Each structure stands twice: as structure tokens, then as C-alpha cells.
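query_27.tsv, holding TSV, C-alpha atoms:
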chain	number	residue	atom	x	y	z
A	1	MET	CA	-17.81	-24.75	83.08
A	2	ARG	CA	-14.70	-24.87	80.91
A	3	ARG	CA	-11.65	-23.55	82.64
A	4	LEU	CA	-8.94	-21.59	80.83
A	5	THR	CA	-5.42	-22.82	81.16
A	6	PRO	CA	-3.20	-20.06	82.54
A	7	GLY	CA	-0.73	-18.66	79.95
A	8	LYS	CA	-2.63	-19.95	76.89
A	9	LYS	CA	-5.02	-18.14	74.56
A	10	ASN	CA	-8.35	-19.57	73.54
A	11	ASN	CA	-8.43	-19.42	69.65
A	12	ASP	CA	-11.66	-21.36	69.19
A	13	ALA	CA	-13.40	-18.18	68.05
A	14	GLU	CA	-10.93	-17.82	65.13
A	15	ARG	CA	-11.30	-21.35	63.81
A	16	GLY	CA	-12.32	-21.33	60.07
A	17	ALA	CA	-11.05	-17.82	59.42
A	18	VAL	CA	-8.36	-19.08	57.04
A	19	SER	CA	-10.99	-20.91	55.00
A	20	VAL	CA	-12.94	-17.70	54.57
A	21	ILE	CA	-9.80	-15.85	53.49
A	22	VAL	CA	-8.89	-18.64	51.04
A	23	ALA	CA	-12.41	-18.60	49.58
A	24	ILE	CA	-12.22	-14.84	49.10
A	25	MET	CA	-8.76	-15.09	47.56
A	26	LEU	CA	-9.92	-17.81	45.18
A	27	VAL	CA	-12.50	-15.43	43.80
A	28	VAL	CA	-9.81	-12.78	43.38
A	29	LEU	CA	-7.43	-15.28	41.79
A	30	LEU	CA	-10.18	-16.47	39.48
A	31	GLY	CA	-10.77	-12.87	38.47
A	32	PHE	CA	-7.10	-12.40	37.68
A	33	GLY	CA	-7.10	-15.70	35.80
A	34	ALA	CA	-10.07	-14.53	33.78
A	35	MET	CA	-8.21	-11.32	33.00
A	36	ALA	CA	-5.03	-13.17	31.98
A	37	VAL	CA	-6.70	-15.86	29.87
A	38	ASP	CA	-9.80	-14.19	28.53
A	39	VAL	CA	-8.27	-10.79	27.86
A	40	ALA	CA	-5.40	-12.43	25.96
A	41	MET	CA	-7.96	-14.41	23.97
A	42	LEU	CA	-9.90	-11.23	23.23
A	43	TYR	CA	-6.76	-9.45	22.04
A	44	SER	CA	-5.99	-12.36	19.72
A	45	GLU	CA	-9.55	-12.37	18.42
A	46	ARG	CA	-9.53	-8.63	17.84
A	47	ALA	CA	-6.20	-8.85	15.99
A	48	GLN	CA	-7.66	-11.50	13.66
A	49	LEU	CA	-10.76	-9.40	13.10
A	50	ARG	CA	-8.71	-6.29	12.38
A	51	ASN	CA	-6.61	-8.19	9.83
A	52	GLY	CA	-9.83	-9.47	8.27
A	53	ALA	CA	-11.37	-5.99	8.21
A	54	ASP	CA	-8.23	-4.54	6.59
A	55	ALA	CA	-8.20	-7.29	3.97
A	56	ALA	CA	-11.93	-6.94	3.26
A	57	ALA	CA	-11.78	-3.15	2.92
A	58	LEU	CA	-8.64	-3.28	0.77
A	59	GLY	CA	-10.19	-5.94	-1.46
A	60	VAL	CA	-13.35	-3.91	-2.05
A	61	ALA	CA	-11.35	-0.70	-2.61
A	62	GLN	CA	-9.10	-2.39	-5.18
A	63	LYS	CA	-12.14	-3.56	-7.13
A	64	CYS	CA	-13.66	-0.07	-6.99
A	65	ALA	CA	-10.36	1.51	-8.05
A	66	LYS	CA	-10.36	-0.61	-11.22
A	67	ASN	CA	-14.09	-0.43	-11.97
A	68	VAL	CA	-16.83	1.04	-9.77
A	69	SER	CA	-19.31	-1.22	-11.59
A	70	ASP	CA	-17.55	-4.38	-10.43
A	71	PRO	CA	-19.97	-6.64	-8.46
A	72	ASN	CA	-17.49	-6.73	-5.58
A	73	CYS	CA	-17.41	-2.93	-5.45
A	74	SER	CA	-20.54	-3.09	-3.32
A	75	ASP	CA	-21.79	-3.36	0.26
A	76	THR	CA	-22.69	-7.01	-0.38
A	77	SER	CA	-19.26	-8.04	-1.68
A	78	SER	CA	-18.65	-11.79	-1.48
A	79	LEU	CA	-14.94	-11.08	-1.84
A	80	ALA	CA	-15.01	-9.11	1.42
A	81	ARG	CA	-16.50	-12.06	3.32
A	82	SER	CA	-13.95	-14.46	1.84
A	83	LEU	CA	-11.03	-12.20	2.79
A	84	ALA	CA	-12.38	-11.65	6.31
A	85	ASN	CA	-12.79	-15.39	6.89
A	86	SER	CA	-9.34	-16.23	5.55
A	87	ASN	CA	-7.78	-14.05	8.26
A	88	ALA	CA	-9.59	-15.84	11.12
A	89	ASN	CA	-7.91	-18.85	12.76
A	90	ASP	CA	-11.21	-20.73	12.71
A	91	GLY	CA	-12.07	-19.50	9.21
A	92	LEU	CA	-15.23	-17.85	10.51
A	93	SER	CA	-15.87	-14.12	10.66
A	94	ASN	CA	-18.98	-12.05	10.31
A	95	ILE	CA	-19.16	-9.03	8.01
A	96	LYS	CA	-21.12	-6.75	10.29
A	97	SER	CA	-21.32	-3.96	7.72
A	98	ILE	CA	-19.71	-2.48	4.61
A	99	VAL	CA	-20.19	1.24	4.16
A	100	LEU	CA	-19.23	2.23	0.62
A	101	ASN	CA	-18.91	5.83	-0.55
A	102	LYS	CA	-18.10	5.79	-4.26
A	103	THR	CA	-18.25	9.58	-4.51
A	104	GLY	CA	-15.85	10.07	-1.61
A	105	ARG	CA	-13.82	7.01	-2.71
A	106	THR	CA	-13.83	5.27	0.68
A	107	VAL	CA	-15.03	1.95	2.06
A	108	THR	CA	-15.34	0.95	5.72
A	109	ALA	CA	-15.62	-2.74	6.56
A	110	THR	CA	-16.57	-3.83	10.10
A	111	VAL	CA	-15.88	-7.48	10.91
A	112	GLY	CA	-17.05	-9.42	13.98
A	113	SER	CA	-16.70	-12.93	15.37
A	114	GLN	CA	-18.94	-15.73	14.19
A	115	GLU	CA	-18.98	-18.61	16.73
A	116	ALA	CA	-21.29	-21.60	16.50
A	117	GLY	CA	-24.10	-21.38	19.03
A	118	HIS	CA	-23.65	-17.67	19.65
A	119	ALA	CA	-25.11	-14.53	18.18
A	120	PRO	CA	-23.00	-12.78	15.52
A	121	ASN	CA	-20.10	-10.70	16.88
A	122	GLN	CA	-20.27	-12.51	20.27
A	123	VAL	CA	-17.23	-14.35	21.69
A	124	SER	CA	-17.59	-16.96	24.44
A	125	LEU	CA	-15.35	-16.45	27.47
A	126	PHE	CA	-13.47	-19.17	29.35
A	127	LEU	CA	-12.85	-18.30	33.02
A	128	ALA	CA	-14.96	-15.15	33.18
A	129	ARG	CA	-18.14	-17.24	32.86
A	130	ALA	CA	-17.55	-18.35	36.46
A	131	LEU	CA	-18.10	-14.72	37.37
A	132	GLY	CA	-21.31	-14.54	35.37
A	133	PHE	CA	-19.85	-13.21	32.08
A	134	ASN	CA	-20.52	-15.72	29.33
A	135	THR	CA	-19.93	-13.73	26.13
A	136	THR	CA	-18.78	-10.33	24.97
A	137	GLU	CA	-19.05	-8.45	21.69
A	138	VAL	CA	-15.91	-8.16	19.60
A	139	ASN	CA	-15.65	-6.43	16.23
A	140	ALA	CA	-13.13	-4.34	14.32
A	141	PRO	CA	-13.57	-1.65	11.64
A	142	SER	CA	-11.19	-0.64	8.86
A	143	THR	CA	-11.42	2.24	6.39
A	144	VAL	CA	-9.65	2.35	3.03
A	145	GLY	CA	-9.59	5.14	0.44
A	146	TRP	CA	-8.63	5.09	-3.21
A	147	GLY	CA	-7.80	7.60	-5.95
A	148	SER	CA	-5.11	8.79	-8.32
A	149	PRO	CA	-2.02	10.21	-6.62
A	150	GLU	CA	-1.68	13.97	-6.74
A	151	LYS	CA	1.32	14.36	-4.49
A	152	GLY	CA	4.02	11.90	-3.59
A	153	PRO	CA	7.41	10.49	-4.48
A	154	THR	CA	8.72	9.47	-7.85
A	155	VAL	CA	11.51	6.99	-7.16
A	156	PHE	CA	13.31	7.56	-10.47
A	157	PRO	CA	13.69	11.16	-11.71
A	158	ILE	CA	12.10	11.09	-15.16
A	159	THR	CA	8.86	12.31	-16.71
A	160	VAL	CA	7.26	11.28	-20.00
A	161	SER	CA	4.63	12.71	-22.32
A	162	ILE	CA	0.93	11.97	-21.94
A	163	CYS	CA	0.83	10.84	-25.58
A	164	GLN	CA	3.08	7.91	-24.68
A	165	VAL	CA	0.45	6.78	-22.18
A	166	ARG	CA	-2.87	7.32	-23.95
A	167	GLY	CA	-3.73	4.38	-26.15
A	168	GLN	CA	-0.46	2.68	-25.28
A	169	LYS	CA	-1.40	0.54	-22.28
A	170	ASP	CA	0.26	-2.89	-22.30
A	171	VAL	CA	2.32	-1.96	-25.38
A	172	MET	CA	6.07	-2.30	-24.90
A	173	GLN	CA	7.87	0.89	-25.87
A	174	LEU	CA	11.11	2.73	-25.40
A	175	LEU	CA	10.79	5.87	-23.33
A	176	ARG	CA	13.67	7.65	-24.97
A	177	LEU	CA	15.21	10.28	-22.74
A	178	HIS	CA	17.98	11.33	-25.08
A	179	GLY	CA	18.87	10.62	-28.69
A	180	THR	CA	17.99	11.71	-32.20
A	181	GLY	CA	14.67	11.56	-34.02
A	182	ALA	CA	12.80	10.20	-31.02
A	183	ASN	CA	9.18	10.47	-29.92
A	184	PRO	CA	7.86	12.68	-32.73
A	185	GLY	CA	4.76	14.68	-31.83
A	186	CYS	CA	5.07	13.89	-28.13
A	187	PHE	CA	6.08	17.34	-26.85
A	188	TYR	CA	9.72	16.46	-27.42
A	189	GLY	CA	12.44	18.62	-28.89
A	190	PRO	CA	14.58	17.95	-31.97
A	191	SER	CA	17.31	16.17	-29.96
A	192	GLY	CA	14.88	13.51	-28.79
A	193	ALA	CA	14.97	14.83	-25.27
A	194	ALA	CA	11.92	16.35	-23.66
A	195	VAL	CA	13.42	19.79	-24.15
A	196	GLU	CA	16.40	21.18	-25.98
A	197	GLY	CA	19.47	20.53	-23.86
A	198	GLY	CA	17.46	18.32	-21.56
A	199	PHE	CA	17.62	14.71	-20.52
A	200	GLY	CA	13.94	13.97	-20.01
A	201	GLY	CA	14.72	14.01	-16.35
A	202	LEU	CA	13.53	15.89	-13.30
A	203	LYS	CA	15.47	17.83	-10.74
A	204	GLN	CA	16.21	15.45	-7.89
A	205	ASP	CA	15.72	16.11	-4.23
A	206	PRO	CA	19.07	16.63	-2.43
A	207	GLY	CA	20.82	13.33	-1.79
A	208	GLN	CA	17.95	11.33	-3.33
A	209	CYS	CA	17.50	9.40	-6.55
A	210	GLY	CA	13.92	10.62	-7.00
A	211	ALA	CA	11.90	13.66	-6.07
A	212	LEU	CA	8.68	14.69	-4.36
A	213	ILE	CA	6.06	15.64	-6.96
A	214	ASP	CA	3.03	17.83	-6.25
A	215	ILE	CA	0.75	17.93	-9.27
A	216	LYS	CA	-1.87	20.04	-7.48
A	217	ALA	CA	0.54	22.67	-6.21
A	218	SER	CA	0.02	26.28	-7.23
A	219	THR	CA	2.15	25.70	-10.32
A	220	GLY	CA	1.67	21.96	-10.85
A	221	THR	CA	5.09	21.82	-12.48
A	222	ALA	CA	8.52	20.30	-12.00
A	223	GLY	CA	11.96	21.47	-13.11
A	224	GLY	CA	14.06	19.61	-15.67
A	225	SER	CA	17.58	18.16	-15.59
A	226	THR	CA	20.26	18.36	-18.28
A	227	GLY	CA	22.97	16.14	-19.68
A	228	VAL	CA	23.32	12.46	-20.60
A	229	ASP	CA	25.08	11.25	-17.45
A	230	PRO	CA	23.16	8.78	-15.24
A	231	PRO	CA	21.13	10.47	-12.50
A	232	SER	CA	23.02	10.56	-9.22
A	233	ASN	CA	22.21	8.48	-6.13
A	234	CYS	CA	20.32	5.88	-8.19
A	235	GLU	CA	22.78	2.96	-8.19
A	236	ALA	CA	21.11	1.13	-5.29
A	237	LEU	CA	17.66	1.55	-6.83
A	238	LEU	CA	18.75	0.23	-10.24
A	239	ASN	CA	20.61	-2.70	-8.69
A	240	GLY	CA	17.45	-3.50	-6.72
A	241	TRP	CA	15.36	-3.43	-9.89
A	242	ALA	CA	17.79	-5.79	-11.61
A	243	ALA	CA	17.79	-8.19	-8.65
A	244	ASP	CA	13.99	-8.27	-8.56
A	245	MET	CA	13.72	-8.86	-12.30
A	246	ASN	CA	16.32	-11.63	-12.17
A	247	ALA	CA	14.21	-13.23	-9.43
A	248	GLY	CA	11.16	-13.18	-11.71
A	249	LYS	CA	9.44	-10.26	-9.96
A	250	ASP	CA	7.70	-7.39	-11.72
A	251	VAL	CA	9.15	-3.92	-11.30
A	252	ILE	CA	6.36	-1.36	-11.57
A	253	VAL	CA	7.04	2.30	-10.88
A	254	LEU	CA	4.80	5.36	-10.78
A	255	LEU	CA	6.08	7.96	-13.24
A	256	PRO	CA	4.86	11.58	-13.39
A	257	ILE	CA	3.31	12.46	-16.75
A	258	PHE	CA	3.44	15.87	-18.46
A	259	ASN	CA	1.27	17.42	-21.20
A	260	LYS	CA	3.35	20.53	-21.87
A	261	VAL	CA	6.88	21.81	-21.41
A	262	THR	CA	8.44	25.24	-21.60
A	263	GLY	CA	11.99	26.51	-21.44
A	264	THR	CA	15.25	24.72	-22.22
A	265	GLY	CA	18.00	23.02	-20.27
A	266	THR	CA	17.95	23.68	-16.55
A	267	ASN	CA	15.20	26.24	-17.10
A	268	ALA	CA	12.79	23.63	-18.48
A	269	VAL	CA	9.44	23.40	-16.68
A	270	PHE	CA	7.14	20.40	-17.14
A	271	GLY	CA	3.39	20.76	-16.72
A	272	LEU	CA	2.35	17.59	-14.87
A	273	THR	CA	-1.05	15.90	-14.96
A	274	THR	CA	-0.88	12.54	-13.19
A	275	PHE	CA	1.23	9.52	-12.22
A	276	ALA	CA	1.13	6.48	-14.53
A	277	ALA	CA	2.24	2.92	-13.74
A	278	PHE	CA	5.13	1.65	-15.86
A	279	LYS	CA	6.29	-1.98	-15.88
A	280	VAL	CA	10.03	-1.92	-16.46
A	281	ALA	CA	11.57	-4.39	-18.95
A	282	GLY	CA	15.06	-2.86	-19.30
A	283	TRP	CA	16.99	0.38	-19.43
A	284	LYS	CA	20.07	2.22	-20.59
A	285	VAL	CA	20.83	5.35	-18.60
A	286	GLY	CA	24.63	5.10	-18.91
A	287	ASN	CA	27.25	3.61	-21.21
A	288	THR	CA	27.64	-0.07	-20.29
A	289	GLY	CA	27.20	-2.55	-17.45
A	290	LEU	CA	25.13	-2.67	-14.31
A	291	PRO	CA	23.51	-0.74	-12.90
A	292	TYR	CA	23.28	1.70	-15.82
A	293	THR	CA	22.44	-0.82	-18.56
A	294	PHE	CA	20.21	-3.86	-18.06
A	295	ARG	CA	18.23	-6.07	-20.46
A	296	ASN	CA	18.54	-3.48	-23.21
A	297	ARG	CA	18.62	-5.86	-26.18
A	298	THR	CA	17.31	-9.16	-27.51
A	299	PRO	CA	16.20	-11.63	-26.31
A	300	ASP	CA	14.94	-9.50	-23.42
A	301	VAL	CA	13.39	-6.77	-25.60
A	302	PRO	CA	12.70	-6.50	-29.35
A	303	ALA	CA	15.66	-5.28	-31.40
A	304	SER	CA	13.57	-2.34	-32.57
A	305	LEU	CA	13.37	-1.06	-29.00
A	306	GLU	CA	17.04	-1.35	-28.15
A	307	CYS	CA	18.41	1.92	-26.81
A	308	ARG	CA	21.66	2.46	-28.77
A	309	GLU	CA	24.22	5.21	-28.34
A	310	PRO	CA	23.65	8.07	-27.88
A	311	CYS	CA	20.26	6.91	-26.61
A	312	ARG	CA	19.30	7.03	-22.96
A	313	GLY	CA	15.97	5.49	-22.00
A	314	ILE	CA	13.81	2.97	-20.19
A	315	ILE	CA	12.00	0.09	-21.91
A	316	GLY	CA	8.68	-1.30	-20.73
A	317	SER	CA	4.94	-0.80	-20.89
A	318	PHE	CA	2.33	1.33	-19.18
A	319	VAL	CA	-0.16	-0.87	-17.32
A	320	GLN	CA	-3.43	-0.48	-15.49
A	321	TYR	CA	-2.33	-0.77	-11.91
A	322	VAL	CA	-3.76	-0.43	-8.43
A	323	SER	CA	-0.92	0.22	-6.02
A	324	LEU	CA	-0.67	-0.22	-2.25
A	325	ALA	CA	2.19	2.26	-2.13
A	326	LYS	CA	2.26	4.67	0.80
A	327	GLY	CA	3.07	8.35	0.99
A	328	TYR	CA	0.64	9.70	-1.62
A	329	THR	CA	-2.09	12.32	-1.43
A	330	LEU	CA	-5.03	11.03	-3.44
A	331	GLY	CA	-7.57	12.80	-5.63
A	332	ASP	CA	-10.18	11.87	-8.22
A	333	VAL	CA	-9.40	8.85	-10.36
A	334	ASN	CA	-7.56	9.92	-13.52
A	335	PRO	CA	-8.22	7.52	-16.43
A	336	ASP	CA	-4.71	8.15	-17.75
A	337	GLY	CA	-3.02	7.42	-14.44
A	338	ALA	CA	-2.44	4.78	-11.83
A	339	THR	CA	-4.69	4.31	-8.81
A	340	VAL	CA	-3.57	3.92	-5.21
A	341	VAL	CA	-5.49	2.40	-2.31
A	342	GLU	CA	-4.49	3.16	1.26
A	343	LEU	CA	-5.59	2.40	4.80
A	344	ARG	CA	-7.01	5.44	6.57
Final C-alpha cells representation of the file:
Amino acid sequence: MRRLTPGKKNNDAERGAVSVIVAIMLVVLLGFGAMAVDVAMLYSERAQLRNGADAAALGVAQKCAKNVSDPNCSDTSSLARSLANSNANDGLSNIKSIVLNKTGRTVTATVGSQEAGHAPNQVSLFLARALGFNTTEVNAPSTVGWGSPEKGPTVFPITVSICQVRGQKDVMQLLRLHGTGANPGCFYGPSGAAVEGGFGGLKQDPGQCGALIDIKASTGTAGGSTGVDPPSNCEALLNGWAADMNAGKDVIVLLPIFNKVTGTGTNAVFGLTTFAAFKVAGWKVGNTGLPYTFRNRTPDVPASLECREPCRGIIGSFVQYVSLAKGYTLGDVNPDGATVVELR
């Protein structure tokens, strides 16, 4: 019989307990490792898929905005697959579905992972497989809508006649805001302005260069502005346009278009129909020098389009344009206007 030594404890019964605790803790640590590594990987994968879904949906919507008969305006768009793949680090993504509603002007693209040796939309895990979890499903949807803007900002406070848009796409012209003998038959008054005593301009929002336009409001109109002085608060905008054009960038703005006008001077009211895209080539909204005069004469623009005193105007051309601009309420596509696509 084994005798106990007085004053000492017999710990034989506790031998191996630490090993059990360590084994249990390893499982816990492995679980946390799986969470740290695999969850981070899943977040990265989902971010790539979301970028791919956004790109795919935007690409399809842009094609539909230009022409609903375009082959890539479809639920089998090859463009969508290409855009989804280009946003994946491994260049592989799976278009799970494209739901296209041409009547409602929306497209929803759902993109999933595409790993070799795994079913579509399945992502292999790293540490979690030790816990019996080999793969998980990862996909991301994105919805984009398109249409012509009905409400939104105009960055520069002018409006022009519908007859200067129809049949004039890609034709450089002078949108004369003030002067003599200008724009005959285009709802303009004898002074060349949109209305007698007017400047072809719109009333600006307080402290802003532009104004918020709501074509579908109860009146669907906007008030006019008078005088030949440059519109206030627009120096930074015009300087930005000049800098972009000097850098070789296009400056395209959405201008509200009217088809009728009543009243004179500050009481003028323009009946608005749509926003049209205008590619700016030059302007003269003041006497001389930046920012009020820029590229107003040859060789930048034809001599026939130069805006000479007392002229005030903007030179450029209306273009077919699909914009990614934000802040617009969209409606049915207007053939005379620009089209906007936006993430929903």
C-alpha cells in the first residue's frame, strides 16, 4: 500500500488536465482564427462581387438608355459578364442572374464567385474547413435605373429653346443669351434674349450658381433673370470648366430646355420640357478675361460663332449623352433630352 507523505498533496488524479484544457482551447483558437481569416476573405470577396455587380448593372443600363434594342440591353449581356470579371482579383465571376425590366427602366445584376473545382457562387474556406465547413455561398446584387431627368440641379443658370436641340445634335452652335437678331423662330424676343428685357437666364437659388429645376412640378416652369451682367456665384464653376478643357477633358452639362415663354424681364416664365446634354466649347458671359470669356474665337471656334459685343452666350453642341450624375429624379426617356443612369 502506498503511503501518503504528511504535508503533501497527491495530485496524480489531476495529471493530464492541462492537456485537455489546451486541446479545448486549440479548438476555440482555431474557431477564432477561422473567423479572422475566413471572414476577412469573405468580406473581400463580397466587395469584389459588389463592384462587379455594380459595373455589370451600370453597363447594361447604359446600353438600354441609348438603345433598348442593343444586344447588350438583355439578360444575356456579354458586356455584363466582362465587367463583372474585370472587377474580380482572379478575373473570374459568375453572373448568377440579370433581371431586366425595360418598361420600368431597371436592371438588377446578381454576381457570384466562380472558383475552379467548386459549384458556381461557392467560395472555399481556409481554416473553417477544419471545423467541417468547406465552402459557403457568396453573391452580391445591384440594381440600376435609367431615364430622363425630371427634377434636379442645373449647374449653370440658363435655359435654351427646344428648337436649338431638335435636329441639331453634334452641330456646334452659339446659344446666344443676349444680343441682336439672334435665334430667329426659336421662341426668342427681338433683342435676341429669350424674352424682352431678359438674359436667357434662370433665377438662381440663393448663394448658388445654378438652380433646382422641377419639370414635373404643378407648373413645370422656371422664372427668368434680367440684365447682361455675368450670373453671380459662378466664378469657381467657370474656372473649373476652363481648367478641365485646358487639360483635354470634355465639359458636358445638363441644360433645362423650354418650348414656350411668357412675360418679360423678371416676370418671364419658361415652360420646361426636359434636360439636354451640351458639350461646352467656349463662352462669353462677361466683357473680357477669365472666367467670363474663354475660347470665344478662332482657332477654338469658327469665326461665325464668335460671341461679339453686346453678345452673351455659350458655344458648343448638344450631344447624345448618358450621364452618371447624381441627384436627379428620373422619368420616361425623352428623345430630345439626356439620359441618366443611377444606382438604386
Q: Write out as a PyMOL selection string which residues come within 8 Å of A:Asn72 when counting all atoms listed in the file, dropping same-chain ones fewer than 6 positions away.
A: chain A and resi 60+63-64+78-80
How about saving the chosen residues, C-alpha atoms kept, as a PDB file, in the coordinates of the input?
ATOM      1  CA  VAL A  60     -13.350  -3.910  -2.050  1.00  0.00           C
ATOM      2  CA  LYS A  63     -12.140  -3.560  -7.130  1.00  0.00           C
ATOM      3  CA  CYS A  64     -13.660  -0.070  -6.990  1.00  0.00           C
ATOM      4  CA  SER A  78     -18.650 -11.790  -1.480  1.00  0.00           C
ATOM      5  CA  LEU A  79     -14.940 -11.080  -1.840  1.00  0.00           C
ATOM      6  CA  ALA A  80     -15.010  -9.110   1.420  1.00  0.00           C
TER       7      ALA A  80
END
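Between A:Cys234 and the candidates A:Val111, A:Ile95, A:Ala56, A:Val155, the tightest atom-to-atom separation, counting all atoms listed in the file, involves A:Val155.
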Q. What does the distance between atom CA of A:Asp170 and atom CA of A:Val68 come to in Å, to one decimal place?
A. 21.6 Å
Q: Rounded to one decimal place, report the atom CA of A:Asp90-atom CA of A:Thr76 distance in Å.
A: 22.2 Å
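What separates atom CA of A:Thr159 from atom CA of A:Leu175 is a distance of 9.4 Å.
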Leaving out A:Asn67 and any residue of its chain fewer than 6 positions from it, which residues lie within 12 Å of it when counting only C-alpha atoms, given as an mmCIF file with C-alpha atoms, in the frame of the given file?
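Below is the file out.cif, written as the result:
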data_model
loop_
_atom_site.group_PDB
_atom_site.id
_atom_site.type_symbol
_atom_site.label_atom_id
_atom_site.label_comp_id
_atom_site.auth_asym_id
_atom_site.auth_seq_id
_atom_site.Cartn_x
_atom_site.Cartn_y
_atom_site.Cartn_z
ATOM 1 C CA VAL A 60 -13.350 -3.910 -2.050
ATOM 2 C CA ALA A 61 -11.350 -0.700 -2.610
ATOM 3 C CA CYS A 73 -17.410 -2.930 -5.450
ATOM 4 C CA SER A 74 -20.540 -3.090 -3.320
ATOM 5 C CA LYS A 102 -18.100 5.790 -4.260
ATOM 6 C CA ARG A 105 -13.820 7.010 -2.710
ATOM 7 C CA TRP A 146 -8.630 5.090 -3.210
ATOM 8 C CA GLY A 147 -7.800 7.600 -5.950
ATOM 9 C CA GLN A 320 -3.430 -0.480 -15.490
ATOM 10 C CA TYR A 321 -2.330 -0.770 -11.910
ATOM 11 C CA VAL A 322 -3.760 -0.430 -8.430
ATOM 12 C CA VAL A 333 -9.400 8.850 -10.360
ATOM 13 C CA PRO A 335 -8.220 7.520 -16.430
ATOM 14 C CA THR A 339 -4.690 4.310 -8.810
#
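With all atoms listed in the file as the atoms that count, the residue of A:Pro141, A:Pro153, A:Gly201, A:Pro71 with the shortest distance to A:Gln48 is A:Pro141.
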Q: Identify, on the basis of all atoms listed in the file, every residue whose closest approach to A:Phe278 does not exceed 6 Å; exclude the query and any residue fewer than 6 positions from it along the same chain; express the result as a PyMOL selection string.
A: chain A and resi 252-253+317-318
Find the nearest atom pair between each residue of stretch 155-175 of chain A and stretch 300-310 of chain A for residues within 9 Å, count only C-alpha atoms, give distances in Å to one decimal, sort rows by chain and ascending number, and present the table as a tab-separated table.
residue	atom	partner	partner_atom	distance
A:Met172	CA	A:Leu305	CA	8.5
A:Gln173	CA	A:Leu305	CA	6.6
A:Leu174	CA	A:Leu305	CA	5.7
Q) Using all atoms listed in the file, which of the listed residues (A:Asp54, A:Asp336, A:Glu45, A:Asp205) sits closest to A:Ser232? A) A:Asp205
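Ranking A:Leu290, A:Ala338, A:Met245, A:Leu177 by their shortest atom-to-atom distance to A:Thr273, with only C-alpha atoms included, puts A:Ala338 first.
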Q: In the coordinates of the file, take the point (4.1, 14.0, -9.9) and a cut-off of 12 Å; then, counting all atoms listed in the file, name each qualifying protein, DNA or RNA residue as a VMD selection string.
A: chain A and resid 148 to 160 202 210 to 217 219 to 223 254 to 258 270 to 277 328 to 330 337 to 338
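Closest approach to A:Gly331 among A:Gly52, A:Gly91, A:Pro230, A:Gly145: A:Gly145, based on all atoms listed in the file.
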Q) Can you tell me, as a VMD selection string, what residues are no more than 10 Å from A:Asp229 when counting only C-alpha atoms, ignoring any on the same chain fewer than 5 positions away? A) chain A and resid 199 285 to 287 292 312
Q.
Under the rule that only C-alpha atoms are counted, which of A:Ala57, A:Leu237, A:Arg46, A:Cys311 is the nearest residue to A:Val99?
A. A:Ala57
